[in-house]
>>> print(open('input_3.csv').read())   # CSV, C-alpha atoms
chain,number,residue,atom,x,y,z
A,1,MET,CA,108.4,22.0,-10.7
A,2,PRO,CA,110.8,19.6,-8.8
A,3,GLY,CA,112.6,22.7,-7.5
A,4,SER,CA,109.3,24.1,-6.3
A,5,LEU,CA,108.4,20.9,-4.6
A,6,GLU,CA,111.8,20.7,-2.8
A,7,ALA,CA,111.4,24.3,-1.6
A,8,SER,CA,108.0,23.5,-0.3
A,9,LEU,CA,109.3,20.5,1.6
A,10,LEU,CA,112.2,22.5,3.0
A,11,THR,CA,109.7,25.1,4.3
A,12,ALA,CA,107.6,22.4,5.9
A,13,ARG,CA,110.7,20.8,7.4
A,14,ARG,CA,111.8,24.1,8.9
A,15,GLY,CA,108.2,24.8,10.1
A,16,ILE,CA,108.1,21.5,12.0
A,17,ALA,CA,111.5,22.1,13.6
A,18,GLU,CA,110.5,25.6,14.7
A,19,ARG,CA,107.3,24.3,16.3
A,20,LEU,CA,109.3,21.7,18.1
A,21,ARG,CA,111.7,24.3,19.4
A,22,ALA,CA,108.7,26.3,20.7
A,23,ARG,CA,107.6,23.2,22.7
A,24,ARG,CA,111.1,22.1,23.6
A,25,GLU,CA,110.6,22.4,27.4
A,26,GLU,CA,107.5,20.3,27.2
A,27,VAL,CA,109.2,17.7,24.9
A,28,GLU,CA,112.2,17.5,27.1
A,29,GLU,CA,110.1,17.1,30.2
A,30,ALA,CA,108.0,14.4,28.7
A,31,ILE,CA,111.1,12.4,27.6
A,32,ALA,CA,112.8,12.9,30.9
A,33,THR,CA,109.8,11.6,32.8
A,34,ARG,CA,109.8,8.5,30.6
A,35,LEU,CA,113.5,7.9,31.0
A,36,TRP,CA,113.3,8.0,34.8
A,37,ALA,CA,110.5,5.5,34.7
A,38,ILE,CA,113.1,3.0,33.4
A,39,ALA,CA,115.0,2.6,36.7
A,40,ASP,CA,118.1,0.8,37.6
A,41,PRO,CA,119.0,0.0,41.3
A,42,SER,CA,122.6,1.1,40.6
A,43,GLU,CA,121.5,4.7,40.2
A,44,LEU,CA,120.2,5.1,43.8
A,45,SER,CA,123.5,5.9,45.2
A,46,SER,CA,125.0,7.7,42.2
A,47,PRO,CA,125.4,11.4,42.9
A,48,GLY,CA,125.4,13.5,39.7
A,49,TYR,CA,124.0,10.8,37.5
A,50,ALA,CA,120.6,12.5,37.1
A,51,ASP,CA,122.4,15.8,36.2
A,52,GLY,CA,124.4,14.0,33.5
A,53,LEU,CA,121.3,12.3,32.2
A,54,ARG,CA,119.5,15.6,31.8
A,55,ASP,CA,122.5,17.2,30.0
A,56,ALA,CA,122.7,14.2,27.7
A,57,LEU,CA,119.0,14.5,26.9
A,58,ALA,CA,119.2,18.2,26.2
A,59,SER,CA,122.1,17.7,23.9
A,60,ALA,CA,120.6,14.8,22.0
A,61,LEU,CA,117.2,16.6,21.6
A,62,GLY,CA,118.9,19.8,20.3
A,63,GLN,CA,120.8,17.7,17.7
A,64,ALA,CA,117.7,15.8,16.7
A,65,ILE,CA,115.8,19.0,16.0
A,66,GLY,CA,118.7,20.4,14.1
A,67,THR,CA,119.0,17.3,12.0
A,68,LEU,CA,115.3,17.5,11.3
A,69,GLU,CA,115.6,21.1,10.1
A,70,ARG,CA,118.8,20.7,8.0
A,71,GLY,CA,118.1,17.2,6.6
A,72,GLY,CA,119.9,13.9,7.1
A,73,ASP,CA,122.3,13.8,4.1
A,74,SER,CA,125.3,14.4,6.3
A,75,ALA,CA,125.8,12.3,9.4
A,76,PRO,CA,126.2,14.6,12.4
A,77,GLU,CA,128.7,14.0,15.2
A,78,LEU,CA,127.1,12.6,18.3
A,79,PRO,CA,126.8,15.0,21.2
A,80,PRO,CA,129.7,14.5,23.6
A,81,PRO,CA,127.4,14.6,26.7
A,82,LEU,CA,125.5,11.6,25.3
A,83,LEU,CA,128.7,9.5,25.0
A,84,ALA,CA,130.0,10.8,28.4
A,85,GLN,CA,126.7,9.6,30.0
A,86,ALA,CA,127.2,6.1,28.5
A,87,ARG,CA,130.7,5.9,30.0
A,88,LEU,CA,129.4,7.2,33.3
A,89,ALA,CA,126.6,4.6,33.3
A,90,ALA,CA,129.2,1.8,32.8
A,91,ARG,CA,131.3,3.1,35.6
A,92,ARG,CA,128.3,3.4,37.9
A,93,GLY,CA,127.1,-0.2,37.1
A,94,VAL,CA,124.0,0.9,35.2
A,95,SER,CA,123.3,-1.9,32.8
A,96,LEU,CA,123.6,-1.5,29.0
A,97,ASP,CA,120.0,-2.8,28.7
A,98,THR,CA,118.8,0.2,30.8
A,99,VAL,CA,120.8,2.6,28.8
A,100,LEU,CA,119.5,1.3,25.4
A,101,ARG,CA,115.9,1.1,26.7
A,102,ARG,CA,116.1,4.7,27.6
A,103,CYS,CA,117.5,5.6,24.1
A,104,LEU,CA,114.6,3.8,22.5
A,105,ALA,CA,112.0,5.4,24.8
A,106,GLY,CA,113.3,8.9,24.0
A,107,HIS,CA,113.4,8.2,20.3
A,108,SER,CA,109.8,6.9,20.3
A,109,LEU,CA,108.5,9.9,22.2
A,110,LEU,CA,110.3,12.3,19.9
A,111,ASP,CA,108.8,10.6,16.8
A,112,ARG,CA,105.4,11.1,18.4
A,113,PHE,CA,106.0,14.8,18.7
A,114,ILE,CA,107.3,15.1,15.2
A,115,VAL,CA,104.1,13.4,13.9
A,116,GLU,CA,102.0,15.8,15.9
A,117,GLU,CA,103.7,18.9,14.5
A,118,ALA,CA,103.8,17.6,10.9
A,119,ASN,CA,100.0,17.2,11.1
A,120,ALA,CA,99.7,20.6,12.6
A,121,VAL,CA,101.6,22.1,9.7
A,122,GLY,CA,99.2,20.6,7.2
A,123,PRO,CA,99.5,18.8,3.9
A,124,GLU,CA,103.1,20.0,3.4
A,125,GLY,CA,104.0,18.6,6.8
A,126,ARG,CA,102.4,15.3,6.1
A,127,ALA,CA,104.2,15.1,2.7
A,128,VAL,CA,107.6,15.4,4.3
A,129,LEU,CA,106.8,13.3,7.4
A,130,GLY,CA,108.0,9.9,6.1
A,131,ARG,CA,111.3,11.4,5.1
A,132,LEU,CA,111.8,13.0,8.5
A,133,LEU,CA,111.1,9.8,10.4
A,134,GLY,CA,113.4,7.9,8.1
A,135,GLU,CA,116.2,10.4,8.8
A,136,GLN,CA,115.6,10.2,12.5
A,137,ALA,CA,115.7,6.4,12.4
A,138,ALA,CA,119.1,6.5,10.6
A,139,VAL,CA,120.5,8.9,13.2
A,140,PHE,CA,119.0,6.7,16.0
A,141,ASP,CA,120.8,3.6,14.6
A,142,ARG,CA,124.1,5.5,14.9
A,143,VAL,CA,123.2,6.6,18.4
A,144,ILE,CA,122.5,3.0,19.5
A,145,GLU,CA,125.7,1.7,18.0
A,146,ALA,CA,127.9,4.4,19.4
A,147,VAL,CA,126.3,4.4,22.9
A,148,GLY,CA,126.5,0.6,23.1
A,149,GLU,CA,130.1,0.6,22.0
A,150,GLU,CA,131.0,3.4,24.4
A,151,HIS,CA,129.4,1.6,27.3
A,152,ARG,CA,131.0,-1.7,26.5
A,153,ARG,CA,134.4,-0.2,26.1
A,154,GLU,CA,134.2,1.6,29.4
A,155,ALA,CA,132.9,-1.5,31.2
A,156,GLU,CA,135.7,-3.7,29.8
A,157,ARG,CA,138.5,-1.1,30.3
A,158,PRO,CA,141.1,-2.6,32.7
A,159,ARG,CA,141.7,-0.7,35.9
A,160,GLY,CA,145.4,-1.5,35.9
A,161,SER,CA,147.0,1.4,37.7
A,162,ARG,CA,147.3,1.6,41.4
A,163,GLU,CA,145.3,4.9,41.3
A,164,GLU,CA,142.5,3.3,39.3
A,165,ARG,CA,142.3,0.3,41.6
A,166,ARG,CA,142.1,2.7,44.6
A,167,ALA,CA,139.3,4.8,43.0
A,168,GLU,CA,137.4,1.6,42.2
A,169,ARG,CA,137.8,0.5,45.9
A,170,VAL,CA,136.4,3.9,47.0
A,171,ARG,CA,133.4,3.7,44.7
A,172,ARG,CA,132.6,0.2,46.0
A,173,LEU,CA,132.8,1.4,49.6
A,174,LEU,CA,130.5,4.3,48.8
A,175,VAL,CA,127.8,2.0,47.6
A,176,GLY,CA,128.0,0.0,50.8
A,177,GLU,CA,130.2,-3.0,50.0
A,178,ALA,CA,132.0,-4.5,53.0
A,179,LEU,CA,135.6,-4.2,51.9
A,180,ASP,CA,138.9,-4.0,53.7
A,181,ALA,CA,139.9,-0.3,53.5
A,182,SER,CA,143.2,-0.5,55.4
A,183,ASP,CA,145.2,0.1,52.2
A,184,LEU,CA,143.6,3.5,51.6
A,185,GLY,CA,145.8,5.1,54.3
A,186,TYR,CA,142.8,6.9,55.6
A,187,ALA,CA,140.9,6.2,58.8
A,188,LEU,CA,137.2,5.8,58.1
A,189,ASP,CA,136.2,5.7,61.7
A,190,GLY,CA,137.1,9.3,62.4
A,191,TRP,CA,135.5,12.6,61.4
A,192,HIS,CA,135.2,13.6,57.7
A,193,VAL,CA,134.4,16.5,55.4
A,194,GLY,CA,133.7,15.4,51.8
A,195,VAL,CA,134.8,17.7,49.0
A,196,VAL,CA,134.1,17.4,45.3
A,197,GLY,CA,136.3,19.6,43.0
A,198,ASN,CA,137.0,20.3,39.4
A,199,GLY,CA,139.8,22.2,37.8
A,200,ALA,CA,143.0,23.5,39.4
A,201,VAL,CA,142.1,22.8,43.0
A,202,SER,CA,145.3,20.9,44.3
A,203,PRO,CA,146.9,24.0,45.9
A,204,ILE,CA,143.7,24.8,47.8
A,205,LEU,CA,143.4,21.2,49.0
A,206,GLU,CA,147.0,21.3,50.3
A,207,ARG,CA,146.1,24.4,52.3
A,208,LEU,CA,142.9,22.9,53.6
A,209,VAL,CA,144.8,19.9,54.9
A,210,ALA,CA,147.1,22.3,56.8
A,211,THR,CA,144.3,24.5,58.0
A,212,LEU,CA,142.2,21.7,59.4
A,213,ASP,CA,145.2,19.5,60.5
A,214,ALA,CA,143.6,16.7,58.5
A,215,ARG,CA,144.5,13.7,56.5
A,216,LEU,CA,143.6,13.6,52.9
A,217,LEU,CA,141.9,10.9,50.8
A,218,ARG,CA,141.8,11.8,47.1
A,219,VAL,CA,140.6,9.8,44.1
A,220,SER,CA,139.6,10.6,40.5
A,221,GLY,CA,135.8,11.0,40.2
A,222,GLU,CA,133.7,11.3,37.1
A,223,GLU,CA,134.4,13.4,34.0
A,224,GLY,CA,137.4,15.3,35.4
A,225,GLU,CA,136.1,15.5,39.0
A,226,VAL,CA,138.2,14.9,42.0
A,227,TRP,CA,136.6,13.3,45.1
A,228,VAL,CA,138.3,14.3,48.4
A,229,TRP,CA,137.8,13.6,52.1
A,230,LEU,CA,139.4,15.6,54.8
A,231,GLY,CA,139.7,13.4,57.8
A,232,SER,CA,140.6,13.9,61.5
A,233,ARG,CA,140.6,12.1,64.8
A,234,ARG,CA,139.3,15.3,66.5
A,235,GLU,CA,135.7,16.4,66.1
A,236,LEU,CA,135.2,18.5,63.0
A,237,GLY,CA,132.4,21.1,63.3
A,238,ALA,CA,130.5,23.7,61.3
A,239,GLY,CA,133.2,26.2,62.0
A,240,ASP,CA,135.8,24.1,60.3
A,241,VAL,CA,133.7,23.9,57.1
A,242,ALA,CA,133.1,27.6,57.3
A,243,ALA,CA,136.8,28.3,57.5
A,244,ALA,CA,137.5,25.8,54.6
A,245,THR,CA,134.8,27.5,52.5
A,246,ALA,CA,136.2,31.0,53.1
A,247,LEU,CA,139.7,29.8,52.2
A,248,ALA,CA,138.5,28.3,49.0
A,249,GLU,CA,136.5,31.4,48.0
A,250,ALA,CA,139.6,33.5,48.5
A,251,ALA,CA,142.0,31.3,46.6
A,252,ILE,CA,140.0,29.5,43.9
A,253,SER,CA,141.1,30.1,40.3
A,254,PRO,CA,138.7,31.0,37.4
A,255,GLY,CA,136.9,28.0,36.0
A,256,SER,CA,137.5,25.8,39.0
A,257,VAL,CA,134.8,24.5,41.4
A,258,LEU,CA,135.0,23.2,45.0
A,259,ALA,CA,131.9,21.9,46.8
A,260,PHE,CA,131.9,20.9,50.5
A,261,GLY,CA,129.8,18.5,52.5
A,262,GLU,CA,129.2,18.8,56.2
A,263,PRO,CA,131.2,17.2,59.1
A,264,ALA,CA,130.2,13.6,59.9
A,265,ARG,CA,131.7,10.7,61.7
A,266,GLY,CA,132.4,7.1,60.9
A,267,VAL,CA,132.0,5.2,57.6
A,268,GLY,CA,128.4,6.3,57.4
A,269,GLY,CA,129.4,9.9,57.8
A,270,TRP,CA,132.1,9.4,55.2
A,271,ARG,CA,129.5,8.4,52.7
A,272,LEU,CA,127.0,11.1,53.8
A,273,SER,CA,129.4,14.0,53.6
A,274,HIS,CA,130.5,12.8,50.1
A,275,ARG,CA,126.8,12.7,48.9
A,276,GLN,CA,126.3,16.2,50.4
A,277,ALA,CA,129.4,17.5,48.5
A,278,ALA,CA,128.2,15.9,45.3
A,279,ALA,CA,124.8,17.6,45.7
A,280,ALA,CA,126.5,20.9,46.4
A,281,ALA,CA,128.7,20.4,43.3
A,282,MET,CA,125.5,19.9,41.2
A,283,VAL,CA,124.2,23.3,42.5
A,284,ALA,CA,127.6,24.9,41.8
A,285,ARG,CA,127.5,23.7,38.2
A,286,THR,CA,124.0,24.8,37.6
A,287,CYS,CA,124.4,28.2,39.2
A,288,ALA,CA,127.9,28.8,38.0
A,289,LEU,CA,129.3,29.1,41.6
A,290,PRO,CA,133.0,28.6,42.2
A,291,VAL,CA,132.4,27.4,45.8
A,292,ALA,CA,129.4,25.8,47.3
A,293,ARG,CA,128.7,24.4,50.8
A,294,TYR,CA,125.9,21.9,51.3
A,295,ALA,CA,124.4,23.6,54.4
A,296,THR,CA,123.8,26.8,52.4
A,297,VAL,CA,122.4,25.2,49.2
A,298,ALA,CA,120.6,22.1,50.7
A,299,LEU,CA,117.1,23.1,49.7
A,300,LEU,CA,118.2,24.2,46.2
A,301,ALA,CA,120.0,20.9,45.8
A,302,SER,CA,116.9,19.0,46.8
A,303,ALA,CA,114.8,20.9,44.4
A,304,LEU,CA,117.2,20.3,41.6
A,305,SER,CA,117.2,16.5,42.1
A,306,ASP,CA,113.5,16.1,43.0
A,307,ARG,CA,111.4,16.5,39.8
A,308,LEU,CA,108.1,16.6,41.7
A,309,LEU,CA,109.4,19.3,44.1
A,310,ALA,CA,110.9,21.4,41.2
A,311,GLU,CA,107.8,21.4,39.1
A,312,SER,CA,105.5,22.0,42.1
A,313,LEU,CA,107.6,25.0,43.2
A,314,ARG,CA,107.5,26.4,39.6
A,315,GLN,CA,103.7,26.1,39.4
A,316,LEU,CA,102.9,27.3,42.9
A,317,TYR,CA,105.4,30.2,43.2
A,318,VAL,CA,107.0,31.1,39.8
A,319,ALA,CA,104.2,30.9,37.3
A,320,PRO,CA,101.9,33.4,39.1
A,321,LEU,CA,104.7,35.9,39.2
A,322,ARG,CA,106.0,35.4,35.6
A,323,ARG,CA,102.9,35.8,33.5
A,324,ALA,CA,103.3,36.4,29.8
A,325,GLU,CA,102.0,40.0,30.1
A,326,ASP,CA,104.7,40.9,32.6
A,327,ARG,CA,107.4,41.3,29.9
A,328,ARG,CA,110.0,42.7,32.2
A,329,GLN,CA,109.4,40.1,34.9
A,330,ALA,CA,109.4,43.0,37.4
A,331,LEU,CA,107.3,41.2,40.0
A,332,ALA,CA,109.6,38.1,40.3
A,333,ASP,CA,112.8,40.2,40.3
A,334,THR,CA,111.4,42.5,43.0
A,335,VAL,CA,110.3,39.6,45.2
A,336,LEU,CA,113.7,38.0,45.0
A,337,ALA,CA,115.4,41.3,45.9
A,338,TYR,CA,112.9,41.7,48.7
A,339,LEU,CA,113.7,38.3,50.1
A,340,ALA,CA,117.4,39.0,49.8
A,341,ALA,CA,117.0,42.2,51.7
A,342,ASP,CA,115.2,40.4,54.6
A,343,ARG,CA,111.9,41.8,53.5
A,344,ASN,CA,113.0,45.4,54.0
A,345,LEU,CA,111.2,47.8,51.6
A,346,SER,CA,113.8,50.5,51.7
A,347,SER,CA,116.7,48.2,51.2
A,348,THR,CA,114.9,46.5,48.3
A,349,ALA,CA,114.2,49.9,46.7
A,350,ALA,CA,117.9,50.9,47.0
A,351,ALA,CA,119.0,47.6,45.5
A,352,LEU,CA,116.7,47.9,42.5
A,353,GLY,CA,117.1,51.7,42.0
A,354,ILE,CA,113.4,52.4,42.4
A,355,ASN,CA,111.3,54.1,45.0
A,356,ARG,CA,109.9,52.5,48.1
A,357,LYS,CA,106.3,53.0,47.0
A,358,THR,CA,106.9,51.1,43.8
A,359,VAL,CA,108.3,48.2,45.8
A,360,ARG,CA,105.3,48.1,48.1
A,361,LYS,CA,102.9,48.1,45.2
A,362,ARG,CA,104.8,45.2,43.5
A,363,ILE,CA,104.9,43.2,46.7
A,364,GLU,CA,101.2,43.7,47.3
A,365,ARG,CA,100.5,42.6,43.7
A,366,ALA,CA,102.7,39.5,44.1
A,367,GLU,CA,101.0,38.5,47.3
A,368,ALA,CA,97.6,38.9,45.6
A,369,ARG,CA,98.7,36.5,42.8
A,370,LEU,CA,100.3,34.0,45.2
A,371,GLY,CA,97.2,34.1,47.4
A,372,GLN,CA,99.1,34.5,50.6
A,373,GLN,CA,101.5,36.9,52.3
A,374,ILE,CA,105.2,36.4,51.4
A,375,PRO,CA,106.4,35.8,55.1
A,376,ARG,CA,104.3,32.7,55.2
A,377,CYS,CA,106.0,31.1,52.1
A,378,SER,CA,109.3,33.0,52.0
A,379,ALA,CA,111.6,29.8,52.0
A,380,GLU,CA,109.7,28.0,49.3
A,381,LEU,CA,109.3,31.2,47.3
A,382,GLU,CA,113.0,32.0,47.4
A,383,ILE,CA,114.1,28.5,46.4
A,384,ALA,CA,111.5,28.5,43.6
A,385,LEU,CA,112.8,31.8,42.1
A,386,ARG,CA,116.5,30.9,42.6
A,387,LEU,CA,115.9,27.5,40.9
A,388,GLU,CA,114.1,29.1,38.0
A,389,ASN,CA,116.9,31.6,37.5
A,390,ALA,CA,119.6,29.0,37.7
A,391,LEU,CA,117.9,26.7,35.2
A,392,ALA,CA,117.4,29.7,32.8
A,393,ASP,CA,121.0,30.7,33.1
A,394,ARG,CA,122.2,27.1,32.5
A,395,THR,CA,120.0,27.0,29.3
A,396,HIS,CA,121.4,30.3,28.2
A,397,ARG,CA,125.0,29.2,28.8
A,398,GLY,CA,124.3,25.9,27.0
>>> encode(input="input_3.csv", output="structure tokens")
Amino acid sequence: MPGSLEASLLTARRGIAERLRARREEVEEAIATRLWAIADPSELSSPGYADGLRDALASALGQAIGTLERGGDSAPELPPPLLAQARLAARRGVSLDTVLRRCLAGHSLLDRFIVEEANAVGPEGRAVLGRLLGEQAAVFDRVIEAVGEEHRREAERPRGSREERRAERVRRLLVGEALDASDLGYALDGWHVGVVGNGAVSPILERLVATLDARLLRVSGEEGEVWVWLGSRRELGAGDVAAATALAEAAISPGSVLAFGEPARGVGGWRLSHRQAAAAAMVARTCALPVARYATVALLASALSDRLLAESLRQLYVAPLRRAEDRRQALADTVLAYLAADRNLSSTAAALGINRKTVRKRIERAEARLGQQIPRCSAELEIALRLENALADRTHRG
């Protein structure tokens, strides 16, 4: 009989976990909304912080559901993205109080979803509910302890080396502190192109300095990133960035990333071009692009960082084309190919390997679902579909 009871509880446990996985997108969205309601002024000028917070949430949620399914007898290792985000928060000046409040808010919301699904499973689910919540509480205690320790250790870590002090000076300048920058060996009153890189990018940076006849400011960024500025007394223009991007695309090694901001002047332009490069780097990571330039991914970058815009684009333009009954998602794929072909039916047909008549019928069906003709919403529609594909690919890679 005890064995039969344990088997029944195990079945209920797995059923609850499976139901949570089916709602994972909804659960993650609800928790993310709550986390961002707990704001900290230090985050306003922190490029990439939101991206890291989302990755940490996804990792922590995946582990929590796995723990719920397997049982809490063995203490799982904490997800590396969660600890990395605690270190990043400390470096960006986000308070430990904000970090821990977010952990508590996420834990409380997840408990609510667990209770909902346990009740939905029935008597077996309710029978195992107390045990599940106890296991989650034990894991949460470990999370709080580890995250707090990671944040404190990073915040107290001495920046003793010359390079670390230089990087700290750059970060403070980026958030608007009025500091003497003469020891950087880089003129902030000239023209700048910001670059954010990851991986084996040093040889390319050396070539970029020679190509643009520029001075180089380089410091260590976050989690292996390098932050770079290419500076010049002469006016840098769009053509210079196009040449730099082409050089990077031809020379970048597998697994490396380079993202470029746009030319700008003065200390304000120095900050702006860096923020643009950081936004382009976010797109590069999401879309698995080795090289990205802000001017070509600006709308996608905005959609990735603006939760209202991203969700609105999905509901307005993606959901009508990706209905459950369209198993092959032919409408969405055809529309994206149609936009890439400058709305040319013949070119779209050739790209997809179908006939022109089929393309026309699909486009007409898509316009009927959207309630408007594609030329009237082509920019929004393309960004919505590209964003959806990028997020789906990132989830698959993860």
>>> residues_around(input="input_3.csv", residues="Ile363 of chain A", least_positions_apart="4", cutoff="12 Å", atoms="all atoms listed in the file", output="number ranges by chain")
A: 321, 330-339, 343-345, 348-349, 356-359, 367-375
>>> closest_residue(input="input_3.csv", among="A:Leu316, A:Arg153, A:Leu188, A:Ser347", to="Arg360 of chain A", atoms="only C-alpha atoms")
A:Ser347
>>> residues_around(input="input_3.csv", residues="Leu247 of chain A", least_positions_apart="3", cutoff="9 Å", atoms="all atoms listed in the file", output="list in words")
Ile204, Arg207, Leu208, Ala242, Ala243, Ala244, Ala250, Ala251 and Ile252 of chain A
>>> closest_atom_pairs(input="input_3.csv", of="segment 111-197 of chain A", to="segment 75-85 of chain A", cutoff="10 Å", atoms="all atoms listed in the file", output="tab-separated table")
residue	atom	partner	partner_atom	distance
A:Glu135	CA	A:Ala75	CA	9.8
A:Ala138	CA	A:Ala75	CA	8.9
A:Val139	CA	A:Ala75	CA	7.4
A:Arg142	CA	A:Leu78	CA	8.4
A:Val143	CA	A:Leu78	CA	7.2
A:Ala146	CA	A:Leu83	CA	7.6
A:Val147	CA	A:Leu83	CA	6.0
A:Gly148	CA	A:Leu83	CA	9.4
A:Glu149	CA	A:Leu83	CA	9.5
A:Glu150	CA	A:Leu83	CA	6.5
A:His151	CA	A:Leu83	CA	8.3
>>> closest_residue(input="input_3.csv", among="A:Ala56, A:Ala264, A:Ala37, A:Met282", to="Ala105 of chain A", atoms="only C-alpha atoms")
A:Ala37
>>> closest_residue(input="input_3.csv", among="A:Leu57, A:Ala384, A:Ala366, A:Leu20", to="Leu35 of chain A", atoms="all atoms listed in the file")
A:Leu57
>>> atom_distance(input="input_3.csv", atom1="atom CA of Glu168 of chain A", atom2="atom CA of Arg91 of chain A")
9.1 Å
>>> closest_residue(input="input_3.csv", among="A:Glu380, A:Glu364, A:Glu69, A:Glu28", to="His107 of chain A", atoms="all atoms listed in the file")
A:Glu28
>>> closest_residue(input="input_3.csv", among="A:Ala187, A:Val115, A:Asp51, A:Arg92", to="Ala301 of chain A", atoms="all atoms listed in the file")
A:Asp51
>>> residues_around(input="input_3.csv", residues="Leu61 of chain A", least_positions_apart="4", cutoff="12 Å", atoms="all atoms listed in the file", output="PyMOL selection string")
chain A and resi 17+20-21+23-32+54-57+65-68+78-79+81-82+103+106-107+109-111+113-114+136+139-140
>>> build_atoms(input="input_3.csv", residues="segment 249-266 of chain A", atoms="N, CA and C atoms", output="CSV table (one decimal), keeping the file's coordinate frame")
chain,number,residue,atom,x,y,z
A,249,GLU,N,137.0,30.2,48.7
A,249,GLU,CA,136.5,31.4,48.0
A,249,GLU,C,137.6,32.4,47.7
A,250,ALA,N,138.5,32.5,48.7
A,250,ALA,CA,139.6,33.5,48.5
A,250,ALA,C,140.6,33.1,47.5
A,251,ALA,N,140.8,31.8,47.3
A,251,ALA,CA,142.0,31.3,46.6
A,251,ALA,C,141.6,30.6,45.3
A,252,ILE,N,140.3,30.3,45.0
A,252,ILE,CA,140.0,29.5,43.9
A,252,ILE,C,140.3,30.2,42.6
A,253,SER,N,140.7,29.5,41.6
A,253,SER,CA,141.1,30.1,40.3
A,253,SER,C,139.8,30.0,39.3
A,254,PRO,N,139.8,31.0,38.4
A,254,PRO,CA,138.7,31.0,37.4
A,254,PRO,C,138.5,29.6,36.7
A,255,GLY,N,137.2,29.2,36.6
A,255,GLY,CA,136.9,28.0,36.0
A,255,GLY,C,137.0,26.7,36.8
A,256,SER,N,137.5,26.9,38.1
A,256,SER,CA,137.5,25.8,39.0
A,256,SER,C,136.3,25.8,39.9
A,257,VAL,N,136.0,24.6,40.5
A,257,VAL,CA,134.8,24.5,41.4
A,257,VAL,C,135.3,23.6,42.6
A,258,LEU,N,134.8,24.0,43.8
A,258,LEU,CA,135.0,23.2,45.0
A,258,LEU,C,133.6,23.2,45.7
A,259,ALA,N,133.2,22.0,46.1
A,259,ALA,CA,131.9,21.9,46.8
A,259,ALA,C,132.2,21.1,48.1
A,260,PHE,N,131.6,21.5,49.2
A,260,PHE,CA,131.9,20.9,50.5
A,260,PHE,C,130.6,20.3,51.1
A,261,GLY,N,130.8,19.1,51.7
A,261,GLY,CA,129.8,18.5,52.5
A,261,GLY,C,129.9,19.0,53.9
A,262,GLU,N,129.1,18.4,54.8
A,262,GLU,CA,129.2,18.8,56.2
A,262,GLU,C,129.9,17.8,57.0
A,263,PRO,N,130.4,18.2,58.2
A,263,PRO,CA,131.2,17.2,59.1
A,263,PRO,C,130.3,16.0,59.5
A,264,ALA,N,130.9,14.8,59.5
A,264,ALA,CA,130.2,13.6,59.9
A,264,ALA,C,131.2,12.6,60.3
A,265,ARG,N,130.8,11.6,61.1
A,265,ARG,CA,131.7,10.7,61.7
A,265,ARG,C,131.4,9.3,61.3
A,266,GLY,N,132.5,8.5,61.2
A,266,GLY,CA,132.4,7.1,60.9
A,266,GLY,C,132.2,6.8,59.4
